[in-house]
file upload.cif (mmCIF, C-alpha atoms)
data_input
#
loop_
_atom_site.label_atom_id
_atom_site.label_comp_id
_atom_site.auth_asym_id
_atom_site.auth_seq_id
_atom_site.Cartn_x
_atom_site.Cartn_y
_atom_site.Cartn_z
CA ASP A 1 -29.01 53.00 55.18
CA ALA A 2 -27.17 50.82 52.67
CA LYS A 3 -23.48 51.61 52.31
CA LEU A 4 -21.11 51.42 49.38
CA HIS A 5 -19.14 48.21 49.80
CA PRO A 6 -15.32 48.44 49.92
CA VAL A 7 -15.11 46.10 46.91
CA ALA A 8 -16.50 48.98 44.84
CA ALA A 9 -13.64 51.30 45.78
CA ASP A 10 -12.02 53.03 42.80
CA ALA A 11 -14.59 51.49 40.42
CA GLU A 12 -16.57 54.68 39.77
CA TYR A 13 -14.85 54.81 36.37
CA CYS A 14 -12.61 52.29 34.63
CA THR A 15 -11.38 51.41 31.15
CA SER A 16 -10.15 48.26 29.45
CA PRO A 17 -6.41 47.91 28.72
CA ASP A 18 -6.97 48.83 25.08
CA GLY A 19 -9.14 51.83 26.02
CA GLN A 20 -12.07 50.62 23.94
CA MET A 21 -14.38 49.73 26.82
CA GLU A 22 -15.27 51.98 29.75
CA GLY A 23 -17.70 51.78 32.61
CA ALA A 24 -18.49 52.12 36.29
CA PHE A 25 -19.52 49.87 39.15
CA PHE A 26 -21.27 50.64 42.45
CA GLY A 27 -22.19 47.89 44.91
CA TYR A 28 -24.13 48.54 48.10
CA THR A 29 -25.19 46.39 51.03
CA GLY A 30 -27.02 46.91 54.31
CA ASN A 31 -30.22 46.58 56.27
CA ASP A 32 -32.59 44.17 54.51
CA MET A 33 -30.82 44.41 51.16
CA ASP A 34 -28.06 41.90 50.51
CA TRP A 35 -26.60 43.35 47.34
CA PHE A 36 -27.56 46.33 45.18
CA VAL A 37 -25.55 46.88 42.02
CA ARG A 38 -25.79 49.77 39.59
CA SER A 39 -23.27 49.66 36.80
CA TRP A 40 -22.61 50.41 33.18
CA ILE A 41 -20.12 49.31 30.57
CA GLY A 42 -19.82 50.27 26.94
CA ASN A 43 -17.94 51.12 23.78
CA ARG A 44 -18.84 54.59 22.53
CA LYS A 45 -17.29 54.03 19.09
CA ALA A 46 -19.53 51.01 18.52
CA SER A 47 -22.61 52.68 20.06
CA ILE A 48 -22.83 49.86 22.60
CA ILE A 49 -23.73 50.39 26.24
CA ASP A 50 -25.13 48.14 28.95
CA MET A 51 -26.63 49.69 32.10
CA ASN A 52 -27.70 47.48 35.02
CA ILE A 53 -29.66 47.75 38.22
CA ASN A 54 -29.80 44.55 40.25
CA VAL A 55 -31.25 44.33 43.75
CA ALA A 56 -30.89 41.14 45.79
CA LEU A 57 -32.96 41.38 48.94
CA GLY A 58 -32.06 39.79 52.26
CA GLN A 59 -33.83 36.89 53.89
CA GLN A 60 -36.26 38.98 55.93
CA SER A 61 -38.82 38.36 53.18
CA ARG A 62 -39.31 36.42 49.95
CA VAL A 63 -40.12 39.41 47.74
CA PRO A 64 -38.64 38.83 44.27
CA ASN A 65 -35.35 40.45 43.40
CA LEU A 66 -35.34 43.35 40.94
CA MET A 67 -33.37 43.27 37.69
CA ILE A 68 -33.33 46.02 35.07
CA ILE A 69 -31.02 46.21 32.04
CA PHE A 70 -31.14 49.05 29.55
CA GLY A 71 -28.79 49.84 26.73
CA THR A 72 -27.90 49.83 23.06
CA VAL A 73 -26.46 47.03 20.93
CA PRO A 74 -26.66 49.46 18.99
CA ASN A 75 -30.45 48.90 18.79
CA LEU A 76 -32.35 49.50 22.01
CA LEU A 77 -32.09 46.69 24.57
CA PHE A 78 -34.69 46.52 27.35
CA TYR A 79 -34.85 43.91 30.12
CA ALA A 80 -36.94 43.98 33.30
CA ASP A 81 -37.76 41.15 35.69
CA TYR A 82 -38.94 40.26 39.16
CA VAL A 83 -36.51 37.41 39.79
CA ALA A 84 -38.29 34.68 41.73
CA ARG A 85 -36.92 33.50 45.07
CA ALA A 86 -38.96 30.31 45.02
CA ASP A 87 -39.53 27.55 42.48
CA VAL A 88 -42.46 28.98 40.52
CA LYS A 89 -43.22 25.55 39.03
CA VAL A 90 -44.46 24.30 42.39
CA SER A 91 -45.13 27.49 44.41
CA GLU A 92 -48.74 28.36 43.62
CA ASP A 93 -49.09 30.99 46.37
CA TYR A 94 -45.87 32.71 45.25
CA VAL A 95 -47.02 32.88 41.63
CA ASN A 96 -50.43 34.18 42.61
CA ARG A 97 -48.95 36.85 44.84
CA TYR A 98 -46.28 38.25 42.54
CA TYR A 99 -47.04 37.24 38.96
CA GLU A 100 -50.82 37.32 38.64
CA GLY A 101 -52.98 40.43 38.54
CA GLU A 102 -51.61 43.76 37.34
CA ALA A 103 -48.05 42.44 36.93
CA ASN A 104 -49.30 39.89 34.43
CA GLU A 105 -51.64 42.36 32.74
CA ASP A 106 -48.84 44.89 32.22
CA TYR A 107 -46.56 42.14 30.92
CA LEU A 108 -49.10 40.93 28.37
CA ALA A 109 -49.91 44.46 27.21
CA PHE A 110 -46.23 45.24 26.63
CA ARG A 111 -45.66 41.86 24.94
CA ALA A 112 -48.39 42.76 22.45
CA ASN A 113 -46.35 45.71 21.14
CA THR A 114 -45.06 44.38 17.82
CA ASP A 115 -42.36 47.07 17.65
CA PHE A 116 -40.45 45.09 20.29
CA VAL A 117 -38.82 41.78 19.34
CA TRP A 118 -38.22 39.15 22.03
CA SER A 119 -34.53 38.64 22.81
CA ALA A 120 -33.52 35.22 24.13
CA SER A 121 -30.23 34.58 25.93
CA HIS A 122 -28.00 31.90 24.45
CA GLY A 123 -27.55 30.46 27.95
CA PRO A 124 -30.12 28.04 29.38
CA ALA A 125 -29.19 29.09 32.94
CA ILE A 126 -30.19 32.68 32.16
CA ARG A 127 -33.41 31.63 30.45
CA GLY A 128 -34.16 29.37 33.42
CA MET A 129 -33.93 32.24 35.92
CA GLN A 130 -36.51 34.33 34.11
CA SER A 131 -39.88 34.81 35.79
CA PRO A 132 -43.31 34.51 34.17
CA VAL A 133 -43.35 38.31 33.64
CA CYS A 134 -39.79 38.79 32.39
CA SER A 135 -39.40 41.35 29.60
CA SER A 136 -36.41 40.89 27.29
CA TYR A 137 -36.61 42.90 24.07
CA ILE A 138 -34.75 44.52 21.22
CA THR A 139 -36.24 47.40 19.25
CA GLU A 140 -35.29 50.40 17.15
CA LEU A 141 -33.63 53.16 19.16
CA THR A 142 -36.18 55.99 19.14
CA ASP A 143 -37.48 58.48 21.70
CA GLU A 144 -40.93 56.88 21.44
CA HIS A 145 -39.62 53.43 22.34
CA ILE A 146 -37.58 54.83 25.24
CA ASP A 147 -40.72 56.57 26.53
CA GLN A 148 -42.67 53.31 26.32
CA CYS A 149 -40.02 51.50 28.33
CA GLU A 150 -39.93 54.31 30.89
CA ALA A 151 -43.69 54.21 31.39
CA TYR A 152 -43.58 50.45 31.88
CA LEU A 153 -40.70 50.72 34.37
CA GLU A 154 -42.42 53.38 36.46
CA ARG A 155 -45.28 50.98 37.16
CA PHE A 156 -42.92 48.01 37.41
CA VAL A 157 -40.63 49.55 40.03
CA ASP A 158 -43.43 51.24 42.02
CA ARG A 159 -45.15 47.85 42.30
CA TRP A 160 -41.96 46.28 43.57
CA PHE A 161 -41.52 48.99 46.21
CA ARG A 162 -45.06 48.30 47.43
CA TRP A 163 -44.22 44.64 47.81
CA VAL A 164 -41.12 45.51 49.83
CA ASP A 165 -43.11 47.88 52.06
CA GLU A 166 -45.91 45.36 52.62
CA ALA A 167 -43.77 42.21 52.87
CA GLU A 168 -44.51 39.60 55.48
CA GLU A 169 -41.48 38.77 57.61
CA LEU A 170 -40.00 35.36 56.90
CA PRO A 171 -39.77 33.21 60.08
CA LEU A 172 -36.22 32.76 61.38
CA GLU A 173 -36.38 28.99 60.99
CA GLN A 174 -36.88 29.39 57.23
CA ARG A 175 -34.05 31.82 56.59
CA ASP A 176 -31.20 29.32 56.32
CA ALA A 177 -32.96 27.55 53.46
CA GLN A 178 -33.90 30.85 51.83
CA GLN A 179 -30.34 32.12 52.01
CA GLN A 180 -29.03 28.88 50.52
CA TYR A 181 -31.49 29.30 47.64
CA ASP A 182 -30.63 32.98 47.18
CA PHE A 183 -26.86 32.54 47.24
CA THR A 184 -26.90 29.45 45.01
CA TYR A 185 -28.99 31.30 42.44
CA ARG A 186 -26.74 34.37 42.52
CA ASP A 187 -23.53 32.38 42.14
CA TYR A 188 -24.88 30.06 39.44
CA THR A 189 -26.42 32.69 37.19
CA ASN A 190 -23.54 35.14 37.61
CA ARG A 191 -20.93 32.69 36.34
CA SER A 192 -23.22 31.05 33.76
CA ASP A 193 -24.01 34.14 31.69
CA PRO A 194 -22.70 33.45 28.15
CA MET A 195 -21.86 37.16 27.81
CA ASN A 196 -19.09 36.71 30.40
CA VAL A 197 -16.76 35.62 27.62
CA LEU A 198 -16.78 39.20 26.32
CA VAL A 199 -15.49 40.47 29.67
CA GLU A 200 -12.68 37.91 29.60
CA ARG A 201 -11.69 38.80 26.05
CA THR A 202 -11.64 42.51 26.87
CA PHE A 203 -10.06 42.56 30.34
CA GLY A 204 -8.17 39.25 30.52
CA ALA A 205 -8.99 36.14 32.55
CA GLU A 206 -7.79 37.33 35.97
CA GLN A 207 -9.45 40.75 35.87
CA ALA A 208 -12.61 39.24 34.41
CA ARG A 209 -12.90 36.80 37.33
CA PHE A 210 -12.53 39.68 39.78
CA MET A 211 -15.13 41.79 37.97
CA LEU A 212 -17.66 38.93 37.78
CA ASP A 213 -17.17 38.01 41.46
CA ARG A 214 -17.60 41.68 42.34
CA ARG A 215 -20.78 41.99 40.29
CA GLY A 216 -22.24 38.87 41.89
CA GLY A 217 -21.35 40.05 45.41
CA ARG A 218 -19.22 37.06 46.38
CA VAL A 219 -17.55 38.98 49.23
CA GLN A 220 -20.96 39.96 50.59
CA MET A 221 -22.22 36.37 50.47
CA ASP A 222 -19.10 35.03 52.19
CA ALA A 223 -19.47 37.64 54.97
CA ASP A 224 -23.23 37.33 55.53
CA ARG A 225 -23.95 33.61 55.69
CA GLY A 226 -26.26 33.05 58.66
CA LYS A 227 -26.04 36.72 59.64
CA TRP A 228 -29.38 36.70 61.53
CA LYS A 229 -28.00 34.15 64.01
CA HIS A 230 -25.51 36.60 65.53
#
call {"tool": "encode", "arguments": {"input": "upload.cif", "output": "structure tokens"}}
result
Amino acid sequence: DAKLHPVAADAEYCTSPDGQMEGAFFGYTGNDMDWFVRSWIGNRKASIIDMNINVALGQQSRVPNLMIIFGTVPNLLFYADYVARADVKVSEDYVNRYYEGEANEDYLAFRANTDFVWSASHGPAIRGMQSPVCSSYITELTDEHIDQCEAYLERFVDRWFRWVDEAEELPLEQRDAQQQYDFTYRDYTNRSDPMNVLVERTFGAEQARFMLDRRGGRVQMDADRGKWKH
């Protein structure tokens, strides 16, 4: 029963002042989902497009968040991750539950495909948020490579839905700390992405700040702090 957030009003299609960039933004919130973004932005003349799905779950559980990026640069860009909501360096149970088993096996099998070249962000904050099964690749834009990504994502997303369906409820006394972790992560990584400079160059500083705050769901975070207490 998630609803389109008012901050997404009139964002179903927009262009940059020079008309070179175009895109769309949809942000939803509700129920046990804090923030769900689906968006795209691109330059048709340069054969560049970036399509995003980001799901930030609420504090009812600790299931990882879902992040999928697909596009052309103009080669094929493919990114898929279960974004951890715990420190995986010291959370053995969390790693075993979400990153061992078939998730790890699928990751290793896809990583072995030499047609796909690993793509590393220039920003240490972005690299630091990546989970042990994060996929971040560039490859030649072909139907075969798109099909391979699609097959991987079908298993990847179905697995995530199972986790959501089977999630254990997080005790109320742990939700303040979980929300602090979740919101700090979302704010930090959203403003630390080195690609943000492209938004500022294209749309100007003021509009870029609005667009980045909208993407990160700042209005949702401000409204929902401690929401389970009411």
call {"tool": "residues_near_point", "arguments": {"input": "upload.cif", "point": "(-21.0, 47.4, 40.1)", "cutoff": "8 Å", "atoms": "all atoms listed in the file", "output": "PyMOL selection string"}}
result
chain A and resi 8+11+24-27+37-40+214-215
call {"tool": "closest_residue", "arguments": {"input": "upload.cif", "among": "A:Arg127, A:Leu76, A:Trp118, A:Gly19", "to": "Asp147 (chain A)", "atoms": "only C-alpha atoms"}}
result
A:Leu76
call {"tool": "closest_residue", "arguments": {"input": "upload.cif", "among": "A:Ile138, A:Met21, A:Met33, A:Val164", "to": "Lys3 (chain A)", "atoms": "only C-alpha atoms"}}
result
A:Met33
call {"tool": "atom_distance", "arguments": {"input": "upload.cif", "atom1": "CA of Val157 (chain A)", "atom2": "CA of Glu12 (chain A)"}}
result
24.6 Å
call {"tool": "closest_residue", "arguments": {"input": "upload.cif", "among": "A:Glu173, A:Phe156, A:Ala125, A:Phe203", "to": "Tyr188 (chain A)", "atoms": "all atoms listed in the file"}}
result
A:Ala125
call {"tool": "resolve_selection", "arguments": {"input": "upload.cif", "expression": "the PyMOL selection byres ((chain A and resi 81) around 10)", "output": "PDB file with C-alpha atoms, in the frame of the given file"}}
result
ATOM      1  CA  ASN A  54     -29.800  44.550  40.250  1.00  0.00           C
ATOM      2  CA  PRO A  64     -38.640  38.830  44.270  1.00  0.00           C
ATOM      3  CA  ASN A  65     -35.350  40.450  43.400  1.00  0.00           C
ATOM      4  CA  LEU A  66     -35.340  43.350  40.940  1.00  0.00           C
ATOM      5  CA  MET A  67     -33.370  43.270  37.690  1.00  0.00           C
ATOM      6  CA  ILE A  68     -33.330  46.020  35.070  1.00  0.00           C
ATOM      7  CA  ILE A  69     -31.020  46.210  32.040  1.00  0.00           C
ATOM      8  CA  TYR A  79     -34.850  43.910  30.120  1.00  0.00           C
ATOM      9  CA  ALA A  80     -36.940  43.980  33.300  1.00  0.00           C
ATOM     10  CA  TYR A  82     -38.940  40.260  39.160  1.00  0.00           C
ATOM     11  CA  VAL A  83     -36.510  37.410  39.790  1.00  0.00           C
ATOM     12  CA  ALA A  84     -38.290  34.680  41.730  1.00  0.00           C
ATOM     13  CA  MET A 129     -33.930  32.240  35.920  1.00  0.00           C
ATOM     14  CA  GLN A 130     -36.510  34.330  34.110  1.00  0.00           C
ATOM     15  CA  SER A 131     -39.880  34.810  35.790  1.00  0.00           C
ATOM     16  CA  PRO A 132     -43.310  34.510  34.170  1.00  0.00           C
ATOM     17  CA  VAL A 133     -43.350  38.310  33.640  1.00  0.00           C
ATOM     18  CA  CYS A 134     -39.790  38.790  32.390  1.00  0.00           C
ATOM     19  CA  SER A 135     -39.400  41.350  29.600  1.00  0.00           C
ATOM     20  CA  SER A 136     -36.410  40.890  27.290  1.00  0.00           C
ATOM     21  CA  PHE A 156     -42.920  48.010  37.410  1.00  0.00           C
ATOM     22  CA  VAL A 157     -40.630  49.550  40.030  1.00  0.00           C
TER      23      VAL A 157
END
call {"tool": "atom_distance", "arguments": {"input": "upload.cif", "atom1": "CA of Tyr94 (chain A)", "atom2": "CA of Val63 (chain A)"}}
result
9.2 Å
call {"tool": "closest_residue", "arguments": {"input": "upload.cif", "among": "A:Pro171, A:Gly204, A:Pro6, A:Pro17", "to": "Arg62 (chain A)", "atoms": "all atoms listed in the file"}}
result
A:Pro171
call {"tool": "residues_around", "arguments": {"input": "upload.cif", "residues": "Glu102 (chain A)", "least_positions_apart": "3", "cutoff": "10 Å", "atoms": "only C-alpha atoms", "output": "PyMOL selection string"}}
result
chain A and resi 98-99+105-108+155-156+159
call {"tool": "atom_distance", "arguments": {"input": "upload.cif", "atom1": "CA of Thr29 (chain A)", "atom2": "CA of Asp224 (chain A)"}}
result
10.3 Å
call {"tool": "resolve_selection", "arguments": {"input": "upload.cif", "expression": "the PyMOL selection byres ((chain A and resi 44) around 12)", "output": "list in words"}}
result
Thr15, Gly19, Gln20, Met21, Glu22, Gly23, Ile41, Gly42, Asn43, Lys45, Ala46, Ser47, Ile48, Ile49, Asp50, Gly71, Thr72, Val73 and Pro74 of chain A
call {"tool": "closest_residue", "arguments": {"input": "upload.cif", "among": "A:Ala208, A:Leu77, A:Ile126, A:Val88", "to": "Thr139 (chain A)", "atoms": "all atoms listed in the file"}}
result
A:Leu77
call {"tool": "closest_residue", "arguments": {"input": "upload.cif", "among": "A:Gln60, A:Pro194, A:Phe116, A:Met221", "to": "Leu172 (chain A)", "atoms": "all atoms listed in the file"}}
result
A:Gln60
call {"tool": "decode", "arguments": {"input": "upload.cif", "residues": "region 68-182 of chain A", "atoms": "C-alpha atoms", "output": "CSV table (one decimal), in the first residue's frame"}}
result
chain,number,residue,atom,x,y,z
A,68,ILE,CA,19.7,-2.1,-8.9
A,69,ILE,CA,21.3,0.1,-11.5
A,70,PHE,CA,21.1,-0.6,-15.2
A,71,GLY,CA,22.1,1.6,-18.1
A,72,THR,CA,24.6,2.5,-20.8
A,73,VAL,CA,27.7,4.6,-20.6
A,74,PRO,CA,27.4,3.9,-23.7
A,75,ASN,CA,28.7,0.4,-22.8
A,76,LEU,CA,26.3,-1.7,-20.7
A,77,LEU,CA,26.4,-0.8,-17.0
A,78,PHE,CA,25.1,-3.4,-14.5
A,79,TYR,CA,24.9,-3.0,-10.7
A,80,ALA,CA,23.0,-5.1,-8.2
A,81,ASP,CA,23.4,-5.3,-4.4
A,82,TYR,CA,21.8,-6.3,-1.2
A,83,VAL,CA,22.9,-3.3,0.9
A,84,ALA,CA,23.7,-4.4,4.4
A,85,ARG,CA,22.0,-2.9,7.4
A,86,ALA,CA,24.6,-4.1,9.9
A,87,ASP,CA,28.3,-4.0,10.0
A,88,VAL,CA,29.3,-7.1,8.1
A,89,LYS,CA,32.8,-7.0,9.5
A,90,VAL,CA,31.5,-8.0,12.9
A,91,SER,CA,28.0,-9.5,12.3
A,92,GLU,CA,28.7,-13.2,11.6
A,93,ASP,CA,25.0,-14.2,11.8
A,94,TYR,CA,24.0,-11.4,9.4
A,95,VAL,CA,26.6,-12.5,6.9
A,96,ASN,CA,25.7,-16.2,7.2
A,97,ARG,CA,22.0,-15.4,6.7
A,98,TYR,CA,22.2,-13.1,3.7
A,99,TYR,CA,25.5,-13.5,2.0
A,100,GLU,CA,26.4,-17.2,2.3
A,101,GLY,CA,24.7,-20.0,0.4
A,102,GLU,CA,23.0,-19.4,-3.0
A,103,ALA,CA,23.5,-15.6,-2.9
A,104,ASN,CA,27.3,-16.2,-2.7
A,105,GLU,CA,27.2,-19.0,-5.3
A,106,ASP,CA,25.3,-16.9,-7.8
A,107,TYR,CA,27.7,-14.0,-7.2
A,108,LEU,CA,30.8,-16.1,-7.8
A,109,ALA,CA,29.3,-17.7,-10.9
A,110,PHE,CA,28.5,-14.3,-12.4
A,111,ARG,CA,31.9,-12.9,-11.4
A,112,ALA,CA,33.6,-15.7,-13.4
A,113,ASN,CA,32.1,-14.4,-16.6
A,114,THR,CA,35.1,-12.8,-18.3
A,115,ASP,CA,32.9,-10.8,-20.6
A,116,PHE,CA,32.0,-8.5,-17.7
A,117,VAL,CA,34.7,-6.1,-16.3
A,118,TRP,CA,34.5,-5.0,-12.7
A,119,SER,CA,33.6,-1.3,-12.3
A,120,ALA,CA,34.9,0.5,-9.2
A,121,SER,CA,33.4,3.8,-8.0
A,122,HIS,CA,35.9,6.6,-7.5
A,123,GLY,CA,34.4,7.3,-4.1
A,124,PRO,CA,35.5,5.3,-1.0
A,125,ALA,CA,32.1,5.9,0.6
A,126,ILE,CA,30.4,4.1,-2.2
A,127,ARG,CA,32.9,1.3,-2.2
A,128,GLY,CA,32.5,1.0,1.5
A,129,MET,CA,28.7,0.5,1.3
A,130,GLN,CA,29.0,-2.5,-1.0
A,131,SER,CA,28.1,-5.9,0.3
A,132,PRO,CA,30.1,-9.1,-0.1
A,133,VAL,CA,27.9,-10.0,-3.1
A,134,CYS,CA,27.8,-6.7,-4.8
A,135,SER,CA,27.9,-6.8,-8.6
A,136,SER,CA,29.3,-3.7,-10.4
A,137,TYR,CA,30.2,-4.3,-14.0
A,138,ILE,CA,30.7,-2.8,-17.5
A,139,THR,CA,30.4,-4.9,-20.6
A,140,GLU,CA,29.7,-4.6,-24.3
A,141,LEU,CA,26.0,-3.7,-25.0
A,142,THR,CA,24.6,-6.9,-26.6
A,143,ASP,CA,21.3,-8.8,-26.3
A,144,GLU,CA,23.2,-11.7,-24.9
A,145,HIS,CA,24.7,-9.7,-22.1
A,146,ILE,CA,21.3,-8.1,-21.3
A,147,ASP,CA,19.8,-11.6,-21.1
A,148,GLN,CA,22.5,-12.7,-18.7
A,149,CYS,CA,21.9,-9.8,-16.4
A,150,GLU,CA,18.2,-10.4,-16.5
A,151,ALA,CA,18.6,-14.0,-15.6
A,152,TYR,CA,20.8,-13.0,-12.7
A,153,LEU,CA,18.3,-10.4,-11.5
A,154,GLU,CA,15.3,-12.7,-11.6
A,155,ARG,CA,17.0,-14.9,-9.0
A,156,PHE,CA,18.4,-12.0,-7.1
A,157,VAL,CA,15.1,-10.2,-6.7
A,158,ASP,CA,13.1,-13.3,-6.0
A,159,ARG,CA,15.5,-14.2,-3.2
A,160,TRP,CA,15.1,-10.8,-1.7
A,161,PHE,CA,11.3,-11.0,-1.8
A,162,ARG,CA,11.6,-14.3,0.1
A,163,TRP,CA,13.7,-12.7,2.8
A,164,VAL,CA,11.1,-9.9,3.1
A,165,ASP,CA,8.3,-12.4,3.4
A,166,GLU,CA,10.1,-14.6,5.9
A,167,ALA,CA,11.7,-11.8,8.0
A,168,GLU,CA,11.8,-12.0,11.7
A,169,GLU,CA,10.3,-8.9,13.4
A,170,LEU,CA,12.9,-6.6,15.0
A,171,PRO,CA,12.1,-5.9,18.7
A,172,LEU,CA,10.9,-2.4,19.4
A,173,GLU,CA,13.8,-1.7,21.7
A,174,GLN,CA,16.2,-2.2,18.9
A,175,ARG,CA,14.5,0.0,16.3
A,176,ASP,CA,15.9,3.4,17.4
A,177,ALA,CA,19.4,2.1,16.9
A,178,GLN,CA,18.5,0.5,13.6
A,179,GLN,CA,16.8,3.7,12.3
A,180,GLN,CA,19.9,5.7,13.3
A,181,TYR,CA,22.1,3.3,11.3
A,182,ASP,CA,19.7,3.3,8.3
